[in-house]
Amino acid sequence: MVEESLTSAVQTRLQGKILEAHTLRGEEIILLSPEGMLDAFRILKEDPQLDFNFLMDITAVDYFGKKTPRFEVVYQLYSLSHNRRLRVKVALGEEELEVPSLTPLWKSANWLEREACDMFGIRFQGHPDLRRILLYDEFQGHPLRKDYPVNQCQPRVPEREVEGTFVDNASKNKLLHLKQKFSSKA
């Protein structure tokens, strides 16, 4: 029996949830709408014929001035049992920068979604801890957007003490050691 193509297998199981499907340079790509995408991802993960059990990456693309809708959230999935990859894209306009979080399905989505939020400003509905992960809290804007002003000065942040970290404890130990060393010489 001939194995059905990945794209047709996905289209059969997602029945009408796919807006577009194609293959580019040997990579299978589907486009979903934000509505109902959580159910679509659940099927992609839990259907034994698909079994996309590994969320490899989440990122975004900004098509500022080139395409409408302006943004796409891009998910890279991998099936360990079938050795297949699938790229899933979700298109978003500037005014609707929110998609459901995939953290209920894949715990690895947590930090990946935080990074996309930090860099592009895309919000993930239902995310358990959507705070900045790469930039400091006072940072203004989202640096991977095409309209981000590259010469923009960010606000200066005063140095903060971080309690209980290795660096903090190591610094205190080093300071204590230096004080003891120099006070014994005096």
# chains A, B, ... in the order shown; residues from 1 in each chain; ligands from 1

call {"tool": "residues_around", "arguments": {"residues": "range 113-116 of chain A", "least_positions_apart": "6", "cutoff": "12 Å", "atoms": "only C-alpha atoms", "output": "ChimeraX atom specification"}}
result
/A:55,57-62,71-75,97-103,106-107,122-135,142-145

call {"tool": "select_by_dssp", "arguments": {"residues": "range 12-132 of chain A", "states": "helix (DSSP H, G or I)", "output": "PyMOL selection string"}}
result
chain A and resi 12-14+37-46+109-120

call {"tool": "closest_residue", "arguments": {"among": "A:Arg70, A:Lys174, A:His22, A:Lys146", "to": "Leu86 in chain A", "atoms": "only C-alpha atoms"}}
result
A:His22

call {"tool": "residues_around", "arguments": {"residues": "Thr68 in chain A", "least_positions_apart": "4", "cutoff": "9 Å", "atoms": "only C-alpha atoms", "output": "list of chain:residue names"}}
result
A:Tyr63, A:Phe64, A:Ala91, A:Leu92, A:Gly93

call {"tool": "residues_around", "arguments": {"residues": "Gln154 in chain A", "least_positions_apart": "5", "cutoff": "9 Å", "atoms": "only C-alpha atoms", "output": "JSON, numbers by chain"}}
result
{"A": [138, 139, 140]}

call {"tool": "write_last_selection", "arguments": {"atoms": "C-alpha atoms", "output": "mmCIF file, in the first residue's frame"}}
result
data_model
loop_
_atom_site.group_PDB
_atom_site.id
_atom_site.type_symbol
_atom_site.label_atom_id
_atom_site.label_comp_id
_atom_site.auth_asym_id
_atom_site.auth_seq_id
_atom_site.Cartn_x
_atom_site.Cartn_y
_atom_site.Cartn_z
ATOM 1 C CA GLU A 138 11.999 48.527 31.205
ATOM 2 C CA PHE A 139 12.982 47.789 27.581
ATOM 3 C CA GLN A 140 10.672 49.661 25.206
#

call {"tool": "select_by_dssp", "arguments": {"residues": "range 26-185 of chain A", "states": "strand (DSSP E or B)", "output": "ChimeraX atom specification"}}
result
/A:27-32,54-62,71-79,84-92,98-100,123-125

call {"tool": "decode", "arguments": {"residues": "range 102-132 of chain A", "atoms": "N, CA, C and O atoms", "output": "compact mmCIF listing (two decimals), in the first residue's frame"}}
result
# COMPACT_ATOMS: atom_id res chain seq x y z
N LEU A 102 0.33 27.22 23.49
CA LEU A 102 0.45 25.77 23.32
C LEU A 102 1.05 25.10 24.56
O LEU A 102 1.35 23.91 24.53
N THR A 103 1.21 25.84 25.66
CA THR A 103 1.79 25.24 26.86
C THR A 103 0.94 24.09 27.44
O THR A 103 1.52 23.20 28.05
N PRO A 104 -0.39 24.06 27.25
CA PRO A 104 -1.12 22.88 27.72
C PRO A 104 -0.73 21.60 26.97
O PRO A 104 -0.86 20.51 27.50
N LEU A 105 -0.24 21.75 25.74
CA LEU A 105 0.14 20.57 24.94
C LEU A 105 1.62 20.23 25.06
O LEU A 105 1.99 19.06 25.13
N TRP A 106 2.47 21.25 25.01
CA TRP A 106 3.92 21.06 25.08
C TRP A 106 4.47 22.02 26.13
O TRP A 106 4.35 23.24 25.98
N LYS A 107 5.10 21.51 27.15
CA LYS A 107 5.70 22.36 28.18
C LYS A 107 6.82 23.22 27.59
O LYS A 107 7.08 24.32 28.07
N SER A 108 7.48 22.74 26.54
CA SER A 108 8.57 23.50 25.92
C SER A 108 8.08 24.79 25.27
O SER A 108 8.88 25.69 25.00
N ALA A 109 6.78 24.91 25.05
CA ALA A 109 6.23 26.14 24.46
C ALA A 109 6.39 27.33 25.39
O ALA A 109 6.40 28.48 24.94
N ASN A 110 6.56 27.07 26.67
CA ASN A 110 6.64 28.14 27.66
C ASN A 110 7.69 29.19 27.29
O ASN A 110 7.37 30.35 27.06
N TRP A 111 8.94 28.80 27.23
CA TRP A 111 10.01 29.77 26.95
C TRP A 111 9.99 30.23 25.50
O TRP A 111 10.34 31.37 25.21
N LEU A 112 9.59 29.36 24.58
CA LEU A 112 9.55 29.75 23.17
C LEU A 112 8.52 30.86 22.95
O LEU A 112 8.77 31.81 22.20
N GLU A 113 7.37 30.74 23.59
CA GLU A 113 6.34 31.78 23.46
C GLU A 113 6.78 33.06 24.14
O GLU A 113 6.51 34.16 23.63
N ARG A 114 7.46 32.95 25.26
CA ARG A 114 7.96 34.16 25.93
C ARG A 114 8.96 34.89 25.04
O ARG A 114 8.97 36.12 24.99
N GLU A 115 9.80 34.15 24.33
CA GLU A 115 10.76 34.78 23.43
C GLU A 115 10.05 35.50 22.28
O GLU A 115 10.39 36.65 21.96
N ALA A 116 9.04 34.87 21.68
CA ALA A 116 8.29 35.50 20.59
C ALA A 116 7.55 36.74 21.08
O ALA A 116 7.47 37.75 20.37
N CYS A 117 7.06 36.69 22.30
CA CYS A 117 6.39 37.86 22.89
C CYS A 117 7.39 38.98 23.11
O CYS A 117 7.12 40.14 22.79
N ASP A 118 8.54 38.65 23.64
CA ASP A 118 9.59 39.62 23.92
C ASP A 118 10.10 40.29 22.64
O ASP A 118 10.25 41.50 22.57
N MET A 119 10.35 39.52 21.61
CA MET A 119 10.98 40.03 20.40
C MET A 119 10.00 40.65 19.40
O MET A 119 10.35 41.58 18.68
N PHE A 120 8.75 40.13 19.36
CA PHE A 120 7.78 40.60 18.36
C PHE A 120 6.52 41.23 18.95
O PHE A 120 5.74 41.84 18.24
N GLY A 121 6.27 41.04 20.25
CA GLY A 121 5.07 41.59 20.87
C GLY A 121 3.83 40.75 20.65
O GLY A 121 2.72 41.22 20.87
N ILE A 122 3.98 39.51 20.26
CA ILE A 122 2.84 38.61 20.06
C ILE A 122 2.44 38.03 21.41
O ILE A 122 3.28 37.50 22.14
N ARG A 123 1.17 38.16 21.75
CA ARG A 123 0.67 37.67 23.04
C ARG A 123 0.15 36.24 22.86
O ARG A 123 -0.41 35.90 21.82
N PHE A 124 0.32 35.43 23.90
CA PHE A 124 -0.13 34.05 23.87
C PHE A 124 -1.17 33.87 24.98
O PHE A 124 -0.84 33.83 26.15
N GLN A 125 -2.42 33.77 24.54
CA GLN A 125 -3.58 33.68 25.42
C GLN A 125 -3.50 32.42 26.27
O GLN A 125 -3.33 31.32 25.74
N GLY A 126 -3.59 32.56 27.60
CA GLY A 126 -3.57 31.41 28.48
C GLY A 126 -2.17 30.96 28.88
O GLY A 126 -2.01 29.92 29.52
N HIS A 127 -1.16 31.74 28.52
CA HIS A 127 0.21 31.38 28.91
C HIS A 127 0.37 31.55 30.42
O HIS A 127 -0.09 32.54 30.98
N PRO A 128 1.04 30.61 31.11
CA PRO A 128 1.12 30.69 32.57
C PRO A 128 2.04 31.79 33.12
O PRO A 128 1.88 32.20 34.27
N ASP A 129 2.99 32.29 32.32
CA ASP A 129 3.96 33.26 32.85
C ASP A 129 4.55 34.08 31.70
O ASP A 129 5.72 33.94 31.37
N LEU A 130 3.75 34.93 31.10
CA LEU A 130 4.18 35.66 29.91
C LEU A 130 4.88 36.96 30.28
O LEU A 130 4.37 38.05 30.11
N ARG A 131 6.10 36.84 30.80
CA ARG A 131 6.92 38.02 31.10
C ARG A 131 8.18 37.95 30.25
O ARG A 131 8.51 36.91 29.68
N ARG A 132 8.89 39.04 30.19
CA ARG A 132 10.10 39.11 29.35
C ARG A 132 11.09 38.02 29.76
O ARG A 132 11.25 37.72 30.93
